[in-house]
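What follows is the content of work.pdb, which has PDB, C-alpha atoms:
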```pdb
ATOM      1  CA  MET A  76     -62.939 -13.903 -90.259
ATOM      2  CA  SER A  77     -59.666 -15.007 -91.854
ATOM      3  CA  ALA A  78     -56.832 -16.357 -89.760
ATOM      4  CA  GLN A  79     -53.850 -14.104 -89.246
ATOM      5  CA  THR A  80     -50.278 -15.250 -88.894
ATOM      6  CA  GLN A  81     -48.504 -14.406 -85.680
ATOM      7  CA  ALA A  82     -46.293 -11.332 -85.895
ATOM      8  CA  ASN A  83     -42.591 -11.751 -85.218
ATOM      9  CA  ALA A  84     -42.861 -15.537 -85.332
ATOM     10  CA  LYS A  85     -39.831 -15.967 -87.623
ATOM     11  CA  LYS A  86     -36.502 -14.201 -87.841
ATOM     12  CA  THR A  87     -36.267 -14.237 -91.664
ATOM     13  CA  TYR A  88     -38.987 -13.427 -94.181
ATOM     14  CA  GLU A  89     -38.805 -13.535 -97.982
ATOM     15  CA  VAL A  90     -40.901 -10.858 -99.675
ATOM     16  CA  THR A  91     -41.604  -9.858-103.279
ATOM     17  CA  ARG A  92     -42.280  -6.527-104.952
ATOM     18  CA  LYS A  93     -46.022  -7.091-104.497
ATOM     19  CA  ASP A  94     -45.419  -6.777-100.730
ATOM     20  CA  LEU A  95     -44.090  -3.212-101.116
ATOM     21  CA  PRO A  96     -44.199  -0.853 -99.363
ATOM     22  CA  LEU A  97     -42.768  -3.155 -96.717
ATOM     23  CA  SER A  98     -43.769  -2.797 -93.104
ATOM     24  CA  CYS A  99     -43.084  -4.805 -89.974
ATOM     25  CA  PRO A 100     -45.390  -6.278 -88.904
ATOM     26  CA  MET A 101     -46.691  -7.034 -92.380
ATOM     27  CA  PRO A 102     -50.377  -6.888 -93.343
ATOM     28  CA  GLY A 103     -52.050 -10.146 -92.406
ATOM     29  CA  MET A 104     -50.033 -10.502 -89.203
ATOM     30  CA  ALA A 105     -51.790 -10.258 -85.873
ATOM     31  CA  ILE A 106     -50.585  -7.019 -84.344
ATOM     32  CA  TRP A 107     -52.183  -7.110 -80.905
ATOM     33  CA  ASN A 108     -48.983  -8.543 -79.396
ATOM     34  CA  SER A 109     -46.429  -6.845 -81.633
ATOM     35  CA  HIS A 110     -44.429  -3.627 -81.782
ATOM     36  CA  PRO A 111     -45.604  -0.449 -83.554
ATOM     37  CA  LYS A 112     -45.705  -0.632 -87.350
ATOM     38  CA  VAL A 113     -42.505   0.561 -88.998
ATOM     39  CA  TYR A 114     -41.867   0.916 -92.738
ATOM     40  CA  LEU A 115     -38.622  -0.612 -94.023
ATOM     41  CA  GLU A 116     -36.603   0.485 -97.048
ATOM     42  CA  ILE A 117     -35.726  -2.697 -98.920
ATOM     43  CA  GLU A 118     -35.739  -1.632-102.580
ATOM     44  CA  VAL A 119     -32.105  -0.456-102.867
ATOM     45  CA  LYS A 120     -30.137  -3.113-100.969
ATOM     46  CA  GLY A 121     -32.573  -6.013-101.355
ATOM     47  CA  HIS A 122     -32.720  -6.659 -97.625
ATOM     48  CA  ALA A 123     -33.789  -4.855 -94.462
ATOM     49  CA  LYS A 124     -33.828  -5.465 -90.714
ATOM     50  CA  CYS A 125     -36.591  -4.354 -88.375
ATOM     51  CA  PRO A 126     -35.208  -2.058 -85.664
ATOM     52  CA  TYR A 127     -37.796  -3.300 -83.145
ATOM     53  CA  CYS A 128     -37.802  -7.098 -83.393
ATOM     54  CA  GLY A 129     -34.700  -7.778 -85.511
ATOM     55  CA  ALA A 130     -36.609  -9.670 -88.199
ATOM     56  CA  GLU A 131     -34.675  -9.850 -91.488
ATOM     57  CA  TYR A 132     -36.539  -9.270 -94.752
ATOM     58  CA  ILE A 133     -35.095 -10.421 -98.090
ATOM     59  CA  LEU A 134     -36.488  -9.142-101.396
ATOM     60  CA  LYS A 135     -36.962 -11.915-103.966
ATOM     61  CA  ASP A 136     -37.681 -11.108-107.612
TER      62      ASP A 136
END
```

Take the structure from the file and write it as structure tokens.
Amino acid sequence: MSAQTQANAKKTYEVTRKDLPLSCPMPGMAIWNSHPKVYLEIEVKGHAKCPYCGAEYILKD
């Protein structure tokens, strides 16, 4: 079993186009102690904020 990162551990995450479609928590994050999965629109503005946990996502090219 591979190790998962803890969900909502940081307040800012840098993501790339390979991470799209973007969701919070992201795949690979442990979700047992997190909020429900929500998809975030990041393509137009280049950044998005999760309405549940407040995590900021920044799209890097």

Check which residues satisfy the PyMOL selection byres ((chain A and resi 82) around 9) in the file shown, then give them as a PDB file with C-alpha atoms, keeping the file's coordinate frame.
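Saved the output as out.pdb:
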```pdb
ATOM      1  CA  GLN A  79     -53.850 -14.104 -89.246  1.00  0.00           C
ATOM      2  CA  THR A  80     -50.278 -15.250 -88.894  1.00  0.00           C
ATOM      3  CA  GLN A  81     -48.504 -14.406 -85.680  1.00  0.00           C
ATOM      4  CA  ASN A  83     -42.591 -11.751 -85.218  1.00  0.00           C
ATOM      5  CA  ALA A  84     -42.861 -15.537 -85.332  1.00  0.00           C
ATOM      6  CA  LYS A  85     -39.831 -15.967 -87.623  1.00  0.00           C
ATOM      7  CA  CYS A  99     -43.084  -4.805 -89.974  1.00  0.00           C
ATOM      8  CA  PRO A 100     -45.390  -6.278 -88.904  1.00  0.00           C
ATOM      9  CA  MET A 101     -46.691  -7.034 -92.380  1.00  0.00           C
ATOM     10  CA  GLY A 103     -52.050 -10.146 -92.406  1.00  0.00           C
ATOM     11  CA  MET A 104     -50.033 -10.502 -89.203  1.00  0.00           C
ATOM     12  CA  ALA A 105     -51.790 -10.258 -85.873  1.00  0.00           C
ATOM     13  CA  ILE A 106     -50.585  -7.019 -84.344  1.00  0.00           C
ATOM     14  CA  TRP A 107     -52.183  -7.110 -80.905  1.00  0.00           C
ATOM     15  CA  ASN A 108     -48.983  -8.543 -79.396  1.00  0.00           C
ATOM     16  CA  SER A 109     -46.429  -6.845 -81.633  1.00  0.00           C
ATOM     17  CA  HIS A 110     -44.429  -3.627 -81.782  1.00  0.00           C
TER      18      HIS A 110
END
```

One decimal, in Å: what's the spacing between CA of Lys120 in chain A and CA of Lys135 in chain A?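 Distance reported for this atom pair: 11.5 Å.
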
CA of His122 in chain A and CA of Tyr88 in chain A are how many Å apart? 9.8 Å

Using all atoms listed in the file, determine which residues lie at most 6 Å from Ala130 in chain A, disregarding the query and same-chain residues fewer than 5 positions distant; provide the list as a list in words.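 Here the qualifying residues turn out to be Lys86, Thr87, Lys124 and Cys125 of chain A.
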
Target residues per the PyMOL selection byres ((chain A and resi 121) around 9), formatted as JSON, numbers by chain: {"A": [116, 117, 118, 119, 120, 122, 123, 132, 133, 134, 135]}

Coordinates-based distance that separates CA of Leu95 in chain A from CA of Tyr127 in chain A (Å, one decimal): 19.0 Å

Centre and edges of the range 128-136 of chain A box, axis-aligned, 8 Å extra per side, as JSON:
```
{"center_x": -36.2, "center_y": -9.5, "center_z": -95.5, "size_x": 19.1, "size_y": 20.8, "size_z": 40.2}
```
